[in-house]
Amino acid sequence: MFGFLLRRVLSTIPVMAIVALFVFSLLYIAPGDPAAVIAGDQASPADVERIRESLGLDRPFVVRFGEWGWQLLHGNLGTSMFTGLPVVELIRQRLEPTLSLMAVTLVFAIVAAVPMGVLAAWKVGSWLDRLLMAFCVFGFSIPVFVVGYLLAYVFALELDWLPVQGYTPIAKGLWPWLENLILPAIALGFVYIALIARITRATMLEVLSQDYVRTARAKGLGESTILFLHALKNAAVPIVTVIGIGVALLIGGAVVTESVFAIPGLGRLTIDAIVRRDYPLIQGIVLMFSFVYVLVNLVIDLSYMALDPRIRY
Amino acid sequence: MALLEVENLQTHFRTPSGINRAVDGVSFSVNAGETLAIVGESGCGKSVTAMSILRLIPEPPGKIAGSIRLNGRDLLNASAREMRAIRGNDISMIFQEPMTSLNPVLTIGRQLTETIRQHARLGAKAATDRAMEMLQLVGIPEPGRRLAEYRHQLSGGMRQRIMIAIALACDPKVLIADEPTTALDVTIQAQILDLMRDLKARTGAAVVLITHDLGVVAEVAERVMVMYAGRKVEEAGVGDLFRSARHPYTKGLLGAVPKLGASLAGADTRLVEIPGLVPSLKNRIAGCVFADRCASVTNVCRSVAPALELKAAGHLVACHHARREVAAA
Ligand SMILES: Nc1ncnc2c1ncn2[C@@H]1O[C@H](COP(=O)(O)OP(=O)(O)O)[C@@H](O)[C@H]1O
Ligand SMILES: [Mg+2]
């Protein structure tokens, strides 16, 4: 088992290397002269020349990638072209709000979606099932920003229960931190809840028809033990897999949610970087998000072993 | 009063193509210390009968009607909570599918102790001791090690023993065993049957044994009920049934009907193939359910359903021609 653990952890290295290569190539995939692309429409030929030099475009691609990768391994993501600050520093400053938003959304979505899916499967065909599944369709089809503005309008502006926007660092206390994240997390969680609830329902439906569930009933166990232990544990692997895949939704949604709720996180930084064609910064952010995604899915893969005793690699 | 009394049990399933009358008016009873065998071809409603007793039929699409009484108490009117207290405690069940009846992601120990703790209110330690004792009782070596194992680490025979251990852990008054050995190989079958016999002798439980195998019936049952297409067609003491089966279907099963080309001597203990198919349970049949496959069918069989009648002491038969055939034999 330790061997598997080690192999699985090491397997993330080539994955990250390929991601890095892709991220580095981003600039060169775009048609035309990269320096001109970065410089934009209003740049003078002198500006373009300066950028060309800073990119080292006169040297071969492989050499440039090697140098960039070597710096990367030392935690150096280069310097932002717009602000002149180190990319690592810029990301570090904006990391907490974004990771907070994603973590709160993740927990909230799982806590809401899994019981929803379990209930829907348990009462399959009932009005409750139909209501929950209608909610899921709704969740899939309404854009994050619509939900976001609606929530902000009702709960912040009209009812004045929660702050309209902004972010408070966790260092200033748990509640002030959480208070600011509740509405954004609900808005961002909508699609995610719909996704998890649907897979939970489908998997539970399949599991509930299995012989061992009948055995559990025949033993006189209570319905909640049957549903949430005997059945849900068997349904866990597909559910957890979708939770991991869905993190990609969160990353994309976070960018939009942050601008709706004026959260000073990576989302805003990303938009700014794209608008300003700040390539080193874009590369840094994409790398960072990819790393989070790979890490989440590594944890998920490892959790399979705890969830299903038959899985031994 | 018998320990378990089932009266006019009707379990119907609503399906897209009509109502499936899987069990249609079956009555029987079992006394403490007695073994009743239920035999019949596949699909005749044996499992549905068994699962109806514990109300394990999914409702909907199923619907159970009639009355099922344990010590005079009607189970069909019991609350969900009362049923939970009965399941696995007063009435236990062993299923036809030993390979898949255990939960694959929970340890054997957990699956055994949770039943014990559910009904006996024992602490964790006492429940584990009881679980070890049960595993020993059903002949599982190294019970301590097995408790920590999972379903996929055990053979089919081993799994069925564990199911038996779970079923017997709370000393049930009634044990329902639905083809407990069908999925297992012959040597294991004999061991499992021995085990069930020992346990019955020890605890005096009533046993309802569903089986395909007439050899098993002869060996362990006192009384036999023969089912066909959701109905009971014959019931008799085991000796009586083997000596003088009166329903053409039972005779067919025993391979004793000369017209069907089988001979009395050298009859296999397994059920014999009877030509034809079990009728669809979705259309109400006006006459006898067996009419289409019966060699001695007459007009009355197709128009009037034969009632169950006492043809000899303790011998019930539902056939218009039962008396006549006996006379002719
Ligand atoms: N959940 C269900 N839904 C619909 N029909 C069912 C269901 N369970 C059993 N049946 C039907 O009940 C009939 C009797 O089945 P069963 O009792 O399993 O037969 P057996 O005598 O082989 O044990 C079959 O026709 C089967 O299709
Ligand atoms: Mg069956």
# chains A, B, ... in the order shown; residues from 1 in each chain; ligands from 1
$ closest_atom_pairs --of "chain B" --to "ligand 1" --cutoff "10 Å" --atoms "only C-alpha atoms and all ligand atoms" --output "JSON lines"
{"residue": "B:Thr11", "atom": "CA", "partner": "ligand 1", "partner_atom_place_in_ligand_line": "12 (O)", "distance": 8.5}
{"residue": "B:His12", "atom": "CA", "partner": "ligand 1", "partner_atom_place_in_ligand_line": "5 (N)", "distance": 7.8}
{"residue": "B:Phe13", "atom": "CA", "partner": "ligand 1", "partner_atom_place_in_ligand_line": "4 (C)", "distance": 5.0}
{"residue": "B:Arg14", "atom": "CA", "partner": "ligand 1", "partner_atom_place_in_ligand_line": "4 (C)", "distance": 6.9}
{"residue": "B:Thr15", "atom": "CA", "partner": "ligand 1", "partner_atom_place_in_ligand_line": "4 (C)", "distance": 6.4}
{"residue": "B:Pro16", "atom": "CA", "partner": "ligand 1", "partner_atom_place_in_ligand_line": "4 (C)", "distance": 9.8}
{"residue": "B:Ile19", "atom": "CA", "partner": "ligand 1", "partner_atom_place_in_ligand_line": "4 (C)", "distance": 8.8}
{"residue": "B:Asn20", "atom": "CA", "partner": "ligand 1", "partner_atom_place_in_ligand_line": "5 (N)", "distance": 6.3}
{"residue": "B:Arg21", "atom": "CA", "partner": "ligand 1", "partner_atom_place_in_ligand_line": "12 (O)", "distance": 7.3}
{"residue": "B:Ala22", "atom": "CA", "partner": "ligand 1", "partner_atom_place_in_ligand_line": "12 (O)", "distance": 4.2}
{"residue": "B:Val23", "atom": "CA", "partner": "ligand 1", "partner_atom_place_in_ligand_line": "14 (C)", "distance": 7.2}
{"residue": "B:Ile38", "atom": "CA", "partner": "ligand 1", "partner_atom_place_in_ligand_line": "21 (O)", "distance": 9.0}
{"residue": "B:Val39", "atom": "CA", "partner": "ligand 1", "partner_atom_place_in_ligand_line": "21 (O)", "distance": 8.0}
{"residue": "B:Gly40", "atom": "CA", "partner": "ligand 1", "partner_atom_place_in_ligand_line": "21 (O)", "distance": 6.4}
{"residue": "B:Glu41", "atom": "CA", "partner": "ligand 1", "partner_atom_place_in_ligand_line": "21 (O)", "distance": 6.2}
{"residue": "B:Ser42", "atom": "CA", "partner": "ligand 1", "partner_atom_place_in_ligand_line": "22 (O)", "distance": 3.4}
{"residue": "B:Gly43", "atom": "CA", "partner": "ligand 1", "partner_atom_place_in_ligand_line": "19 (O)", "distance": 3.3}
{"residue": "B:Cys44", "atom": "CA", "partner": "ligand 1", "partner_atom_place_in_ligand_line": "21 (O)", "distance": 4.0}
{"residue": "B:Gly45", "atom": "CA", "partner": "ligand 1", "partner_atom_place_in_ligand_line": "17 (O)", "distance": 3.2}
{"residue": "B:Lys46", "atom": "CA", "partner": "ligand 1", "partner_atom_place_in_ligand_line": "21 (O)", "distance": 3.7}
{"residue": "B:Ser47", "atom": "CA", "partner": "ligand 1", "partner_atom_place_in_ligand_line": "23 (O)", "distance": 3.6}
{"residue": "B:Val48", "atom": "CA", "partner": "ligand 1", "partner_atom_place_in_ligand_line": "17 (O)", "distance": 3.7}
{"residue": "B:Thr49", "atom": "CA", "partner": "ligand 1", "partner_atom_place_in_ligand_line": "17 (O)", "distance": 6.3}
{"residue": "B:Ala50", "atom": "CA", "partner": "ligand 1", "partner_atom_place_in_ligand_line": "17 (O)", "distance": 7.9}
{"residue": "B:Met51", "atom": "CA", "partner": "ligand 1", "partner_atom_place_in_ligand_line": "17 (O)", "distance": 8.3}
{"residue": "B:Ser52", "atom": "CA", "partner": "ligand 1", "partner_atom_place_in_ligand_line": "17 (O)", "distance": 9.6}
{"residue": "B:Leu56", "atom": "CA", "partner": "ligand 1", "partner_atom_place_in_ligand_line": "1 (N)", "distance": 9.9}
{"residue": "B:Ile57", "atom": "CA", "partner": "ligand 1", "partner_atom_place_in_ligand_line": "1 (N)", "distance": 6.8}
{"residue": "B:Pro58", "atom": "CA", "partner": "ligand 1", "partner_atom_place_in_ligand_line": "1 (N)", "distance": 6.3}
{"residue": "B:Glu59", "atom": "CA", "partner": "ligand 1", "partner_atom_place_in_ligand_line": "1 (N)", "distance": 8.7}
{"residue": "B:Pro60", "atom": "CA", "partner": "ligand 1", "partner_atom_place_in_ligand_line": "1 (N)", "distance": 8.6}
{"residue": "B:Pro61", "atom": "CA", "partner": "ligand 1", "partner_atom_place_in_ligand_line": "3 (N)", "distance": 6.2}
{"residue": "B:Gly62", "atom": "CA", "partner": "ligand 1", "partner_atom_place_in_ligand_line": "3 (N)", "distance": 6.5}
{"residue": "B:Gln96", "atom": "CA", "partner": "ligand 1", "partner_atom_place_in_ligand_line": "23 (O)", "distance": 8.6}
{"residue": "B:Asp178", "atom": "CA", "partner": "ligand 1", "partner_atom_place_in_ligand_line": "23 (O)", "distance": 7.8}
{"residue": "B:Glu179", "atom": "CA", "partner": "ligand 1", "partner_atom_place_in_ligand_line": "23 (O)", "distance": 8.4}
{"residue": "B:Ile210", "atom": "CA", "partner": "ligand 1", "partner_atom_place_in_ligand_line": "23 (O)", "distance": 8.1}
{"residue": "B:Thr211", "atom": "CA", "partner": "ligand 1", "partner_atom_place_in_ligand_line": "23 (O)", "distance": 9.0}
{"residue": "B:His212", "atom": "CA", "partner": "ligand 1", "partner_atom_place_in_ligand_line": "22 (O)", "distance": 9.0}
{"residue": "B:Met227", "atom": "CA", "partner": "ligand 1", "partner_atom_place_in_ligand_line": "21 (O)", "distance": 8.0}
{"residue": "B:Tyr228", "atom": "CA", "partner": "ligand 1", "partner_atom_place_in_ligand_line": "21 (O)", "distance": 8.5}
{"residue": "B:Ala229", "atom": "CA", "partner": "ligand 1", "partner_atom_place_in_ligand_line": "14 (C)", "distance": 7.9}
{"residue": "B:Gly230", "atom": "CA", "partner": "ligand 1", "partner_atom_place_in_ligand_line": "14 (C)", "distance": 7.1}
{"residue": "B:Val278", "atom": "CA", "partner": "ligand 1", "partner_atom_place_in_ligand_line": "25 (O)", "distance": 9.3}
{"residue": "B:Pro279", "atom": "CA", "partner": "ligand 1", "partner_atom_place_in_ligand_line": "25 (O)", "distance": 9.7}
{"residue": "B:Ser280", "atom": "CA", "partner": "ligand 1", "partner_atom_place_in_ligand_line": "25 (O)", "distance": 7.8}
{"residue": "B:Leu281", "atom": "CA", "partner": "ligand 1", "partner_atom_place_in_ligand_line": "25 (O)", "distance": 6.8}
{"residue": "B:Lys282", "atom": "CA", "partner": "ligand 1", "partner_atom_place_in_ligand_line": "25 (O)", "distance": 8.9}
$ interface_residues --of "chain A" --to "chain B" --cutoff "6 Å" --atoms "only C-alpha atoms" --output "JSON, numbers by chain"
{"A": [211, 212, 218, 219, 220, 308]}
$ write_last_selection --atoms "C-alpha atoms" --output "PDB file, in the first residue's frame"
ATOM      1  CA  ASP A 211     -29.067  -7.535  -2.121  1.00  0.00           C
ATOM      2  CA  TYR A 212     -27.031  -6.266   0.823  1.00  0.00           C
ATOM      3  CA  ALA A 218     -33.949  -7.793   7.186  1.00  0.00           C
ATOM      4  CA  LYS A 219     -31.677  -7.260  10.187  1.00  0.00           C
ATOM      5  CA  GLY A 220     -34.008  -4.586  11.557  1.00  0.00           C
ATOM      6  CA  ASP A 308     -13.627   0.704  -0.655  1.00  0.00           C
TER       7      ASP A 308
END
$ residues_around --residues "Met133 of chain A" --least-positions-apart "3" --cutoff "9 Å" --atoms "only C-alpha atoms" --output "mmCIF file with all heavy atoms, in the first residue's frame"
data_model
loop_
_atom_site.group_PDB
_atom_site.id
_atom_site.type_symbol
_atom_site.label_atom_id
_atom_site.label_comp_id
_atom_site.auth_asym_id
_atom_site.auth_seq_id
_atom_site.Cartn_x
_atom_site.Cartn_y
_atom_site.Cartn_z
ATOM 1 N N GLY A 117 -29.282 14.181 -2.642
ATOM 2 C CA GLY A 117 -29.255 13.037 -3.558
ATOM 3 C C GLY A 117 -29.745 11.767 -2.883
ATOM 4 O O GLY A 117 -30.476 10.966 -3.477
ATOM 5 N N ALA A 120 -33.525 12.006 -2.453
ATOM 6 C CA ALA A 120 -34.206 11.853 -3.741
ATOM 7 C C ALA A 120 -34.241 10.380 -4.148
ATOM 8 O O ALA A 120 -35.259 9.877 -4.624
ATOM 9 C CB ALA A 120 -33.524 12.695 -4.808
ATOM 10 N N LEU A 128 -40.975 14.937 -3.603
ATOM 11 C CA LEU A 128 -39.706 15.427 -3.061
ATOM 12 C C LEU A 128 -38.578 15.195 -4.075
ATOM 13 O O LEU A 128 -37.767 16.079 -4.354
ATOM 14 C CB LEU A 128 -39.380 14.699 -1.752
ATOM 15 C CG LEU A 128 -38.077 15.116 -1.078
ATOM 16 C CD1 LEU A 128 -38.168 16.532 -0.547
ATOM 17 C CD2 LEU A 128 -37.727 14.156 0.051
ATOM 18 N N ASP A 129 -38.559 13.983 -4.629
ATOM 19 C CA ASP A 129 -37.565 13.638 -5.652
ATOM 20 C C ASP A 129 -37.683 14.603 -6.829
ATOM 21 O O ASP A 129 -36.690 15.167 -7.294
ATOM 22 C CB ASP A 129 -37.811 12.182 -6.095
ATOM 23 C CG ASP A 129 -36.878 11.741 -7.210
ATOM 24 O OD1 ASP A 129 -35.762 12.293 -7.298
ATOM 25 O OD2 ASP A 129 -37.268 10.845 -7.976
ATOM 26 N N ARG A 130 -38.904 14.816 -7.277
ATOM 27 C CA ARG A 130 -39.106 15.694 -8.435
ATOM 28 C C ARG A 130 -38.673 17.123 -8.142
ATOM 29 O O ARG A 130 -38.049 17.779 -8.969
ATOM 30 C CB ARG A 130 -40.575 15.669 -8.855
ATOM 31 C CG ARG A 130 -40.797 14.530 -9.844
ATOM 32 C CD ARG A 130 -42.240 14.415 -10.250
ATOM 33 N NE ARG A 130 -42.590 13.009 -10.180
ATOM 34 C CZ ARG A 130 -43.792 12.558 -9.912
ATOM 35 N NH1 ARG A 130 -44.778 13.390 -9.663
ATOM 36 N NH2 ARG A 130 -44.014 11.265 -9.875
ATOM 37 N N CYS A 136 -32.056 20.838 -9.411
ATOM 38 C CA CYS A 136 -30.770 20.544 -10.056
ATOM 39 C C CYS A 136 -30.731 21.079 -11.495
ATOM 40 O O CYS A 136 -29.722 21.641 -11.920
ATOM 41 C CB CYS A 136 -30.492 19.046 -10.053
ATOM 42 S SG CYS A 136 -30.072 18.442 -8.422
ATOM 43 N N VAL A 137 -31.819 20.894 -12.207
ATOM 44 C CA VAL A 137 -31.884 21.415 -13.577
ATOM 45 C C VAL A 137 -31.726 22.936 -13.539
ATOM 46 O O VAL A 137 -30.960 23.530 -14.299
ATOM 47 C CB VAL A 137 -33.229 21.038 -14.239
ATOM 48 C CG1 VAL A 137 -33.360 21.722 -15.592
ATOM 49 C CG2 VAL A 137 -33.335 19.529 -14.384
ATOM 50 N N PHE A 138 -32.425 23.547 -12.595
ATOM 51 C CA PHE A 138 -32.347 24.981 -12.372
ATOM 52 C C PHE A 138 -30.886 25.377 -12.083
ATOM 53 O O PHE A 138 -30.341 26.297 -12.690
ATOM 54 C CB PHE A 138 -33.254 25.298 -11.182
ATOM 55 C CG PHE A 138 -33.335 26.738 -10.815
ATOM 56 C CD1 PHE A 138 -34.057 27.621 -11.604
ATOM 57 C CD2 PHE A 138 -32.718 27.197 -9.667
ATOM 58 C CE1 PHE A 138 -34.148 28.953 -11.243
ATOM 59 C CE2 PHE A 138 -32.804 28.529 -9.303
ATOM 60 C CZ PHE A 138 -33.519 29.410 -10.098
ATOM 61 N N ALA A 194 -25.855 20.869 -7.882
ATOM 62 C CA ALA A 194 -26.664 20.156 -8.876
ATOM 63 C C ALA A 194 -25.905 18.924 -9.377
ATOM 64 O O ALA A 194 -26.460 17.830 -9.474
ATOM 65 C CB ALA A 194 -26.998 21.087 -10.035
ATOM 66 N N ALA A 197 -25.516 16.304 -6.404
ATOM 67 C CA ALA A 197 -26.807 15.719 -6.020
ATOM 68 C C ALA A 197 -27.272 14.710 -7.067
ATOM 69 O O ALA A 197 -27.777 13.639 -6.740
ATOM 70 C CB ALA A 197 -27.859 16.811 -5.829
ATOM 71 N N ARG A 198 -27.051 15.037 -8.323
ATOM 72 C CA ARG A 198 -27.505 14.124 -9.379
ATOM 73 C C ARG A 198 -26.726 12.820 -9.393
ATOM 74 O O ARG A 198 -27.304 11.742 -9.534
ATOM 75 C CB ARG A 198 -27.419 14.802 -10.737
ATOM 76 C CG ARG A 198 -28.545 15.794 -10.920
ATOM 77 C CD ARG A 198 -28.426 16.464 -12.231
ATOM 78 N NE ARG A 198 -28.764 15.540 -13.299
ATOM 79 C CZ ARG A 198 -29.657 15.817 -14.241
ATOM 80 N NH1 ARG A 198 -30.259 16.976 -14.249
ATOM 81 N NH2 ARG A 198 -29.917 14.951 -15.174
#
$ closest_residue --among "B:Glu5, B:Asp90, B:Glu133, B:Glu142" --to "Leu175 of chain B" --atoms "only C-alpha atoms"
B:Asp90
$ residues_around --residues "Gly78 of chain A" --least-positions-apart "5" --cutoff "10 Å" --atoms "only C-alpha atoms" --output "ChimeraX atom specification"
/A:68,71-72,84-88,279-281,283-284
$ residues_around --residues "Arg293 of chain B" --least-positions-apart "5" --cutoff "10 Å" --atoms "only C-alpha atoms" --output "MDAnalysis selection string"
chainID B and resid 248:249 274:279
